[in-house]
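Engineer: Next comes the structure file final-v4.csv, holding CSV, C-alpha atoms.
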chain,number,residue,atom,x,y,z
G,1,MET,CA,29.7,10.7,133.7
G,2,PRO,CA,32.1,8.5,131.6
G,3,GLN,CA,31.5,4.8,132.0
G,4,GLY,CA,32.4,1.4,130.5
G,5,PHE,CA,33.7,-2.0,131.4
G,6,THR,CA,37.1,-1.2,129.9
G,7,PRO,CA,38.7,1.9,128.3
G,8,PRO,CA,37.9,4.1,126.5
G,9,TYR,CA,35.2,5.5,128.8
G,10,SER,CA,32.3,7.5,127.4
G,11,PRO,CA,28.9,8.9,128.5
G,12,THR,CA,27.1,5.8,127.3
G,13,GLY,CA,29.9,3.2,127.7
G,14,ARG,CA,29.4,2.1,124.1
G,15,SER,CA,32.9,3.0,123.1
G,16,SER,CA,34.4,0.6,125.6
G,17,LEU,CA,36.7,-1.9,123.8
G,18,VAL,CA,35.3,-4.9,125.7
G,19,PRO,CA,31.9,-5.3,127.3
G,20,PRO,CA,31.5,-7.5,130.3
G,21,PRO,CA,30.9,-11.3,129.9
G,22,PRO,CA,29.3,-13.5,129.0
G,23,TRP,CA,31.3,-13.8,125.8
G,24,HIS,CA,30.1,-16.4,123.3
G,25,TYR,CA,32.4,-18.1,120.8
G,26,ALA,CA,32.1,-20.5,117.8
G,27,GLY,CA,34.7,-21.5,115.3
G,28,GLN,CA,37.2,-24.0,113.8
G,29,ILE,CA,40.0,-25.2,116.0
G,30,LEU,CA,43.0,-27.2,114.9
G,31,SER,CA,44.7,-28.9,117.8
G,32,LEU,CA,48.3,-30.2,117.6
G,33,ALA,CA,49.7,-32.4,120.4
G,34,PHE,CA,53.4,-32.8,120.6
G,35,ALA,CA,56.4,-33.7,122.8
G,36,VAL,CA,58.5,-30.9,124.3
G,37,ASP,CA,61.7,-30.8,126.2
G,38,LYS,CA,60.7,-31.1,129.9
G,39,ALA,CA,63.4,-28.8,131.2
G,40,ALA,CA,62.5,-26.1,128.7
G,41,ALA,CA,58.8,-26.4,129.6
G,42,GLU,CA,59.6,-26.3,133.3
G,43,ASN,CA,61.3,-22.9,132.8
G,44,PHE,CA,58.0,-21.4,131.5
G,45,LEU,CA,55.7,-22.8,134.3
G,46,PRO,CA,54.8,-20.5,137.3
G,47,THR,CA,56.5,-21.4,140.5
G,48,GLY,CA,54.4,-24.0,142.3
G,49,PHE,CA,52.1,-24.7,139.4
G,50,GLY,CA,53.2,-28.3,138.9
G,51,THR,CA,55.8,-30.5,137.2
G,52,ALA,CA,56.2,-30.5,133.4
G,53,THR,CA,55.3,-33.8,131.8
G,54,GLY,CA,57.0,-33.1,128.4
G,55,ARG,CA,53.7,-32.9,126.6
G,56,ALA,CA,52.2,-29.8,125.0
G,57,VAL,CA,49.4,-28.8,122.7
G,58,ALA,CA,49.2,-26.0,120.1
G,59,HIS,CA,45.9,-24.6,118.9
G,60,CYS,CA,45.2,-22.7,115.7
G,61,CYS,CA,41.8,-21.1,115.8
G,62,GLU,CA,39.4,-19.1,113.6
G,63,TRP,CA,36.8,-17.6,115.8
G,64,GLN,CA,33.5,-15.8,115.6
G,65,SER,CA,32.4,-14.2,118.9
G,66,THR,CA,29.5,-12.1,120.3
G,67,THR,CA,28.0,-10.8,123.4
G,68,ASP,CA,24.3,-10.3,122.7
G,69,GLY,CA,24.4,-10.9,119.0
G,70,TRP,CA,25.0,-7.5,117.5
G,71,GLU,CA,28.6,-8.3,116.5
G,72,LEU,CA,27.3,-10.9,114.1
G,73,LEU,CA,25.8,-8.1,112.0
G,74,ASP,CA,29.1,-6.2,112.0
G,75,PRO,CA,31.6,-9.1,111.6
G,76,ALA,CA,34.7,-6.9,111.9
G,77,TYR,CA,33.9,-6.9,115.6
G,78,ALA,CA,33.3,-10.7,115.8
G,79,GLN,CA,35.9,-12.5,113.7
G,80,TYR,CA,39.5,-13.2,114.5
G,81,ARG,CA,42.3,-15.8,114.4
G,82,GLU,CA,44.7,-16.9,117.0
G,83,PHE,CA,47.5,-19.3,117.8
G,84,PHE,CA,48.6,-20.5,121.3
G,85,ILE,CA,50.6,-23.1,123.1
G,86,LEU,CA,49.7,-25.0,126.3
G,87,LEU,CA,52.2,-26.8,128.5
G,88,GLU,CA,51.1,-29.9,130.4
G,89,ALA,CA,52.1,-30.3,134.1
G,90,MET,CA,51.0,-32.6,136.9
G,91,ARG,CA,49.2,-30.4,139.4
G,92,ASP,CA,47.8,-32.0,142.6
G,93,GLY,CA,48.1,-35.4,141.0
G,94,GLN,CA,46.1,-34.4,137.8
G,95,PRO,CA,47.1,-33.1,134.4
G,96,ALA,CA,46.7,-29.3,134.0
G,97,LEU,CA,47.7,-26.9,131.2
G,98,TYR,CA,49.4,-23.5,131.4
G,99,CYS,CA,49.6,-21.0,128.6
G,100,PRO,CA,52.9,-19.2,128.1
G,101,PHE,CA,52.2,-17.7,124.7
G,102,ILE,CA,49.2,-16.7,122.6
G,103,TYR,CA,48.9,-14.5,119.5
G,104,VAL,CA,45.8,-12.9,118.1
G,105,ASP,CA,44.9,-10.5,115.2
G,106,GLN,CA,42.1,-8.6,117.0
G,107,ASP,CA,42.4,-6.0,119.7
G,108,ILE,CA,39.1,-6.9,121.3
G,109,SER,CA,40.2,-10.5,121.7
G,110,MET,CA,43.6,-9.4,123.1
G,111,ALA,CA,41.9,-7.3,125.8
G,112,ARG,CA,39.5,-10.1,126.7
G,113,GLY,CA,42.5,-12.4,127.0
G,114,TRP,CA,44.3,-10.3,129.4
G,115,LEU,CA,41.3,-10.2,131.7
G,116,GLN,CA,41.3,-14.0,131.7
G,117,GLY,CA,45.0,-14.5,132.2
G,118,TRP,CA,45.8,-15.3,128.5
G,119,PRO,CA,49.1,-13.5,127.7
G,120,LYS,CA,48.0,-12.3,124.2
G,121,LYS,CA,50.1,-10.4,121.8
G,122,LEU,CA,49.3,-9.2,118.3
G,123,GLY,CA,50.2,-11.6,115.5
G,124,SER,CA,49.1,-12.7,112.0
G,125,VAL,CA,47.6,-16.2,111.9
G,126,TRP,CA,46.5,-18.1,108.8
G,127,MET,CA,44.9,-21.5,108.5
G,128,THR,CA,43.3,-23.5,105.7
G,129,ARG,CA,39.6,-23.3,105.7
G,130,PRO,CA,37.8,-26.6,104.9
G,131,TYR,CA,34.5,-26.6,103.0
G,132,ASP,CA,32.1,-29.5,102.6
G,133,LEU,CA,32.5,-29.6,98.8
G,134,ASP,CA,34.2,-32.2,96.5
G,135,HIS,CA,36.7,-29.8,94.9
G,136,ILE,CA,40.4,-29.3,95.0
G,137,ALA,CA,40.1,-25.8,96.6
G,138,ALA,CA,37.7,-26.9,99.2
G,139,ALA,CA,40.1,-29.0,101.5
G,140,PRO,CA,37.2,-31.2,102.7
G,141,ARG,CA,37.6,-33.0,106.0
G,142,ARG,CA,38.4,-36.4,104.8
G,143,ALA,CA,41.4,-38.8,104.6
G,144,GLY,CA,44.2,-37.5,102.5
G,145,THR,CA,43.3,-33.8,102.8
G,146,ARG,CA,46.3,-31.6,103.6
G,147,LEU,CA,46.0,-28.3,105.6
G,148,GLY,CA,48.4,-25.6,106.6
G,149,ALA,CA,48.7,-23.0,109.4
G,150,THR,CA,51.2,-20.2,110.0
G,151,LEU,CA,52.0,-17.5,112.6
G,152,ALA,CA,53.9,-14.3,112.0
G,153,VAL,CA,54.8,-11.6,114.6
G,154,LYS,CA,56.3,-8.3,113.7
G,155,ASP,CA,56.8,-9.5,110.1
G,156,ARG,CA,58.7,-12.6,111.2
G,157,ARG,CA,57.2,-16.1,110.8
G,158,LEU,CA,57.3,-18.0,114.1
G,159,MET,CA,55.3,-21.1,113.4
G,160,GLU,CA,54.5,-23.4,110.4
G,161,ALA,CA,52.3,-26.4,110.5
G,162,ARG,CA,51.4,-28.9,107.8
G,163,ILE,CA,48.6,-31.3,108.6
G,164,THR,CA,47.4,-34.5,106.8
G,165,LEU,CA,44.0,-35.8,107.8
G,166,ASP,CA,43.9,-39.6,107.9
G,167,GLY,CA,40.2,-40.4,108.2
G,168,SER,CA,40.4,-41.3,111.9
G,169,GLU,CA,38.3,-39.8,114.7
G,170,GLY,CA,40.2,-37.0,116.3
G,171,ALA,CA,40.5,-36.5,120.0
G,172,ARG,CA,39.6,-33.6,122.3
G,173,LEU,CA,43.0,-32.0,123.0
G,174,GLY,CA,44.4,-29.1,125.0
G,175,PHE,CA,41.9,-26.8,126.6
G,176,LEU,CA,39.1,-28.8,125.1
G,177,ALA,CA,39.9,-31.7,127.5
G,178,THR,CA,42.1,-30.5,130.3
G,179,PRO,CA,41.9,-27.7,133.0
G,180,THR,CA,43.8,-24.7,131.6
G,181,PHE,CA,45.3,-21.8,133.5
G,182,GLY,CA,46.9,-18.4,132.9
G,183,LEU,CA,48.3,-15.5,135.0
G,184,ILE,CA,46.5,-12.3,135.6
G,185,ALA,CA,48.6,-9.4,136.8
G,186,SER,CA,48.0,-5.7,137.4
G,187,PRO,CA,51.1,-3.7,136.5
G,188,THR,CA,51.2,0.0,137.4
G,189,ILE,CA,53.4,3.0,136.9
G,190,VAL,CA,51.6,5.1,139.6
G,191,GLY,CA,54.3,5.9,142.1
G,192,GLN,CA,57.0,3.3,141.8
G,193,PRO,CA,56.6,1.1,138.7
G,194,ASP,CA,55.4,-2.3,139.8
G,195,PRO,CA,54.6,-5.4,137.7
G,196,GLY,CA,52.1,-6.5,140.3
G,197,LYS,CA,51.8,-10.0,141.7
G,198,PRO,CA,50.5,-12.4,139.1
G,199,GLN,CA,47.4,-14.4,140.1
G,200,LEU,CA,46.8,-17.9,138.6
G,201,ALA,CA,43.3,-18.1,137.1
G,202,ARG,CA,41.0,-20.3,135.1
G,203,ALA,CA,38.2,-19.1,132.8
G,204,LEU,CA,34.7,-20.3,133.5
G,205,VAL,CA,33.4,-22.1,130.4
G,206,GLU,CA,29.7,-23.1,129.8
G,207,ASN,CA,27.5,-24.3,127.0
G,208,PHE,CA,30.2,-26.2,125.3
G,209,THR,CA,29.3,-28.0,122.1
G,210,ALA,CA,31.3,-29.5,119.3
G,211,GLY,CA,31.0,-31.2,115.9
G,212,THR,CA,32.9,-34.2,114.6
G,213,PHE,CA,36.6,-34.4,115.5
G,214,HIS,CA,38.8,-35.3,112.5
G,215,GLY,CA,42.2,-36.9,113.2
G,216,GLY,CA,45.5,-36.7,111.4
G,217,THR,CA,49.2,-36.1,111.8
G,218,ALA,CA,51.2,-32.9,111.5
G,219,GLU,CA,54.7,-31.4,111.0
G,220,LEU,CA,55.0,-28.5,113.4
G,221,THR,CA,57.9,-26.1,113.4
G,222,PHE,CA,58.7,-23.1,115.7
G,223,LEU,CA,61.1,-20.5,114.2
G,224,ALA,CA,63.6,-18.2,116.1
G,225,SER,CA,62.9,-14.6,116.9
G,226,PRO,CA,65.0,-11.9,118.5
G,227,ARG,CA,62.2,-11.2,121.0
G,228,ASP,CA,59.5,-14.0,121.2
G,229,GLU,CA,60.8,-17.2,122.9
G,230,LEU,CA,58.3,-19.6,121.3
G,231,ALA,CA,61.2,-21.5,119.6
G,232,ASP,CA,62.5,-22.5,123.1
G,233,LEU,CA,59.5,-24.9,123.2
G,234,ALA,CA,60.2,-26.5,119.8
G,235,PRO,CA,58.3,-29.7,119.1
G,236,GLN,CA,60.3,-32.9,119.4
G,237,GLY,CA,59.0,-35.2,116.6
G,238,PRO,CA,55.7,-35.2,114.7
G,239,ALA,CA,52.4,-34.0,116.2
G,240,VAL,CA,49.0,-35.6,116.5
G,241,ALA,CA,46.3,-33.4,114.9
G,242,SER,CA,42.6,-33.0,115.5
G,243,LEU,CA,40.3,-30.6,113.7
G,244,ALA,CA,36.7,-29.7,114.7
G,245,ASN,CA,34.1,-26.9,115.0
G,246,VAL,CA,33.3,-26.0,118.6
G,247,ALA,CA,31.3,-23.4,120.4
G,248,PHE,CA,31.1,-22.3,124.1
G,249,SER,CA,30.5,-19.3,126.4
G,250,ILE,CA,32.8,-17.7,128.9
G,251,THR,CA,31.0,-16.2,131.9
G,252,GLY,CA,34.0,-15.1,134.1
G,253,ALA,CA,37.1,-16.5,135.7
G,254,VAL,CA,38.1,-18.0,139.1
G,255,LYS,CA,41.4,-17.7,141.0
G,256,ALA,CA,43.5,-20.8,141.6
G,257,ASP,CA,45.8,-21.6,144.5
G,258,MET,CA,49.5,-21.5,143.8
G,259,PRO,CA,52.1,-22.3,146.5
G,260,GLU,CA,54.8,-19.7,147.1
Translate this structure into structure tokens?

Structural biologist:
Amino acid sequence: MPQGFTPPYSPTGRSSLVPPPPWHYAGQILSLAFAVDKAAAENFLPTGFGTATGRAVAHCCEWQSTTDGWELLDPAYAQYREFFILLEAMRDGQPALYCPFIYVDQDISMARGWLQGWPKKLGSVWMTRPYDLDHIAAAPRRAGTRLGATLAVKDRRLMEARITLDGSEGARLGFLATPTFGLIASPTIVGQPDPGKPQLARALVENFTAGTFHGGTAELTFLASPRDELADLAPQGPAVASLANVAFSITGAVKADMPE
């Protein structure tokens, strides 16, 4: 009898692309907080989610993930990079974040993202990797160090970031500090094609830990594409940067209320 948490299904279920949670993550995250046009941001928010504040956060991440530890011995299954943007809104009198775009270079992560409401697409993400060495190639986390990050989708570059660390203590930004939501839908082509009714959801995060947050400033640019609409959320002015290593576990997701 074929089985598995996700396709493909097999007699043992071992071939399944994604096993059930908990999923455990550790990695480097570069957070970039910036201003965005309120009207543009409002257009990307689900109806009833809240009112855009004109603030947004982009995250560039280099992750290592595992279920029960076996992926750490076969890192092609564990490692990936991603870039995403979060729009801030006032929801029930409190700040909340919504994710309109996220790009990743690993099919396993993309499938996990869809299950949580993260709208993941394939992309190529690169970011400078700091090492704790006193060397020009090491990009150590200290004042004056310059870092870069890029995103390309379908061979087109969509994002460029240039960061300068200033020696200050960085802040927890984006999903590291504020409730973050996405939309889970179940489209079908059985019978009449139907996109399904999207459901607002939030991942359940446990066992969060983090190292030192390093602050700085950044120049962040979104580039035009014939398909991806990331450039419609172009940063207005410079960004505030924060760089840190973090780790956490995702145990599931919960639905959230959303007025009609």

Engineer: Quick one: of G:Thr67, G:Ser225, G:Thr47, G:Gln3, who's nearest to Pro20 in chain G, counting only C-alpha atoms?

Structural biologist: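 Among the listed residues, the smallest separation from Pro20 in chain G belongs to G:Thr67.
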
Engineer: Select, from G:Gly54, G:Gly196, G:Gly144, G:Pro46, the residue with the minimum atom-to-atom distance to Phe181 in chain G, counting all atoms listed in the file.

Structural biologist: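 Counting all atoms listed in the file, the residue closest to Phe181 in chain G is G:Pro46.
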
Engineer: Find the residues near range 201-211 of chain G: any atom within 12 Å, counting all atoms listed in the file, skip ones fewer than 2 places away on the same chain, and give them as a ChimeraX atom specification.

Structural biologist: /G:21-29,46,49,96-99,112-119,169-172,175-185,198-199,213-214,242-258

Engineer: Please indicate the distance in Å from CA of Gly48 in chain G to CA of Lys197 in chain G, rounded to one decimal place.

Structural biologist: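 Going from CA of Gly48 in chain G over to CA of Lys197 in chain G, I get 14.3 Å.
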
Engineer: Rounded to one decimal, what separation in Å do you get between CA of Ala152 in chain G and CA of Lys121 in chain G?

Structural biologist: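 Computed distance, CA of Ala152 in chain G to CA of Lys121 in chain G, equals 11.2 Å.
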
Engineer: Please report the interatomic distance between CA of Ala56 in chain G and CA of Leu32 in chain G in Å with one decimal.

Structural biologist: 8.4 Å

Engineer: Counting all atoms listed in the file, which of G:Leu87, G:Thr164, G:Phe34, G:Gly174 gets nearest to Pro238 in chain G?

Structural biologist: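 Closest residue, counting all atoms listed in the file: G:Phe34.
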
Engineer: Restricting the calculation to all atoms listed in the file, which member of G:Ile189, G:Ala33, G:Ile136, G:Ala224 is positioned closest to Cys60 in chain G?

Structural biologist: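 Of G:Ile189, G:Ala33, G:Ile136, G:Ala224, the one nearest Cys60 in chain G is G:Ala33, counting all atoms listed in the file.
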
Engineer: Nearest to Arg81 in chain G: which of G:Ala40, G:Ile163, G:Leu151, G:Leu133 is it, counting all atoms listed in the file?

Structural biologist: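 Counting all atoms listed in the file, the residue closest to Arg81 in chain G is G:Leu151.
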
Engineer: Counting all atoms listed in the file, which of G:Pro100, G:Ser31, G:Gly215, G:Gln106 gets nearest to Trp63 in chain G?

Structural biologist: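 Going through G:Pro100, G:Ser31, G:Gly215, G:Gln106 one by one, the smallest distance to Trp63 in chain G is for G:Gln106.
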
Engineer: Give me the residues within 10 Å of Thr145 in chain G as a list of chain:residue names, counting all atoms listed in the file and dropping any in the same chain fewer than 2 places off.

Structural biologist: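 Contacts, in chain order: G:Pro130, G:Ile136, G:Ala138, G:Ala139, G:Pro140, G:Arg141, G:Arg142, G:Ala143, G:Leu147, G:Ile163, G:Thr164, G:Leu165, G:Asp166, G:Gly167, G:Gly216.
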
Engineer: Can you give me N, CA, C and O atoms for range 116-129 of chain G, written as a PDB file, keeping the file's coordinate frame?

Structural biologist:
ATOM      1  N   GLN G 116      41.405 -12.588 131.354  1.00  0.00           N
ATOM      2  CA  GLN G 116      41.300 -14.000 131.700  1.00  0.00           C
ATOM      3  C   GLN G 116      42.599 -14.647 132.124  1.00  0.00           C
ATOM      4  O   GLN G 116      42.622 -15.791 132.572  1.00  0.00           O
ATOM      5  N   GLY G 117      43.718 -13.947 131.897  1.00  0.00           N
ATOM      6  CA  GLY G 117      45.000 -14.500 132.200  1.00  0.00           C
ATOM      7  C   GLY G 117      45.688 -15.123 130.936  1.00  0.00           C
ATOM      8  O   GLY G 117      46.703 -15.801 131.040  1.00  0.00           O
ATOM      9  N   TRP G 118      45.124 -14.866 129.749  1.00  0.00           N
ATOM     10  CA  TRP G 118      45.800 -15.300 128.500  1.00  0.00           C
ATOM     11  C   TRP G 118      46.764 -14.207 128.076  1.00  0.00           C
ATOM     12  O   TRP G 118      46.361 -13.064 127.861  1.00  0.00           O
ATOM     13  N   PRO G 119      48.054 -14.528 127.925  1.00  0.00           N
ATOM     14  CA  PRO G 119      49.100 -13.500 127.700  1.00  0.00           C
ATOM     15  C   PRO G 119      49.136 -13.134 126.171  1.00  0.00           C
ATOM     16  O   PRO G 119      50.140 -13.361 125.476  1.00  0.00           O
ATOM     17  N   LYS G 120      48.089 -12.513 125.678  1.00  0.00           N
ATOM     18  CA  LYS G 120      48.000 -12.300 124.200  1.00  0.00           C
ATOM     19  C   LYS G 120      48.830 -11.158 123.727  1.00  0.00           C
ATOM     20  O   LYS G 120      48.981 -10.118 124.371  1.00  0.00           O
ATOM     21  N   LYS G 121      49.403 -11.397 122.537  1.00  0.00           N
ATOM     22  CA  LYS G 121      50.100 -10.400 121.800  1.00  0.00           C
ATOM     23  C   LYS G 121      49.553 -10.403 120.356  1.00  0.00           C
ATOM     24  O   LYS G 121      48.960 -11.396 119.925  1.00  0.00           O
ATOM     25  N   LEU G 122      49.757  -9.301 119.645  1.00  0.00           N
ATOM     26  CA  LEU G 122      49.300  -9.200 118.300  1.00  0.00           C
ATOM     27  C   LEU G 122      50.152 -10.095 117.362  1.00  0.00           C
ATOM     28  O   LEU G 122      51.381 -10.126 117.483  1.00  0.00           O
ATOM     29  N   GLY G 123      49.522 -10.803 116.450  1.00  0.00           N
ATOM     30  CA  GLY G 123      50.200 -11.600 115.500  1.00  0.00           C
ATOM     31  C   GLY G 123      49.311 -11.833 114.258  1.00  0.00           C
ATOM     32  O   GLY G 123      48.120 -11.497 114.280  1.00  0.00           O
ATOM     33  N   SER G 124      49.884 -12.382 113.213  1.00  0.00           N
ATOM     34  CA  SER G 124      49.100 -12.700 112.000  1.00  0.00           C
ATOM     35  C   SER G 124      49.036 -14.217 111.877  1.00  0.00           C
ATOM     36  O   SER G 124      50.057 -14.901 111.756  1.00  0.00           O
ATOM     37  N   VAL G 125      47.816 -14.731 111.939  1.00  0.00           N
ATOM     38  CA  VAL G 125      47.600 -16.200 111.900  1.00  0.00           C
ATOM     39  C   VAL G 125      46.749 -16.529 110.695  1.00  0.00           C
ATOM     40  O   VAL G 125      45.730 -15.899 110.414  1.00  0.00           O
ATOM     41  N   TRP G 126      47.205 -17.555 109.987  1.00  0.00           N
ATOM     42  CA  TRP G 126      46.500 -18.100 108.800  1.00  0.00           C
ATOM     43  C   TRP G 126      46.310 -19.553 108.936  1.00  0.00           C
ATOM     44  O   TRP G 126      47.197 -20.252 109.448  1.00  0.00           O
ATOM     45  N   MET G 127      45.172 -20.059 108.482  1.00  0.00           N
ATOM     46  CA  MET G 127      44.900 -21.500 108.500  1.00  0.00           C
ATOM     47  C   MET G 127      43.998 -21.861 107.350  1.00  0.00           C
ATOM     48  O   MET G 127      43.129 -21.069 106.967  1.00  0.00           O
ATOM     49  N   THR G 128      44.203 -23.044 106.805  1.00  0.00           N
ATOM     50  CA  THR G 128      43.300 -23.500 105.700  1.00  0.00           C
ATOM     51  C   THR G 128      41.912 -23.661 106.217  1.00  0.00           C
ATOM     52  O   THR G 128      41.661 -24.137 107.329  1.00  0.00           O
ATOM     53  N   ARG G 129      40.981 -23.260 105.376  1.00  0.00           N
ATOM     54  CA  ARG G 129      39.600 -23.300 105.700  1.00  0.00           C
ATOM     55  C   ARG G 129      38.859 -24.397 104.930  1.00  0.00           C
ATOM     56  O   ARG G 129      38.657 -24.264 103.728  1.00  0.00           O
TER      57      ARG G 129
END
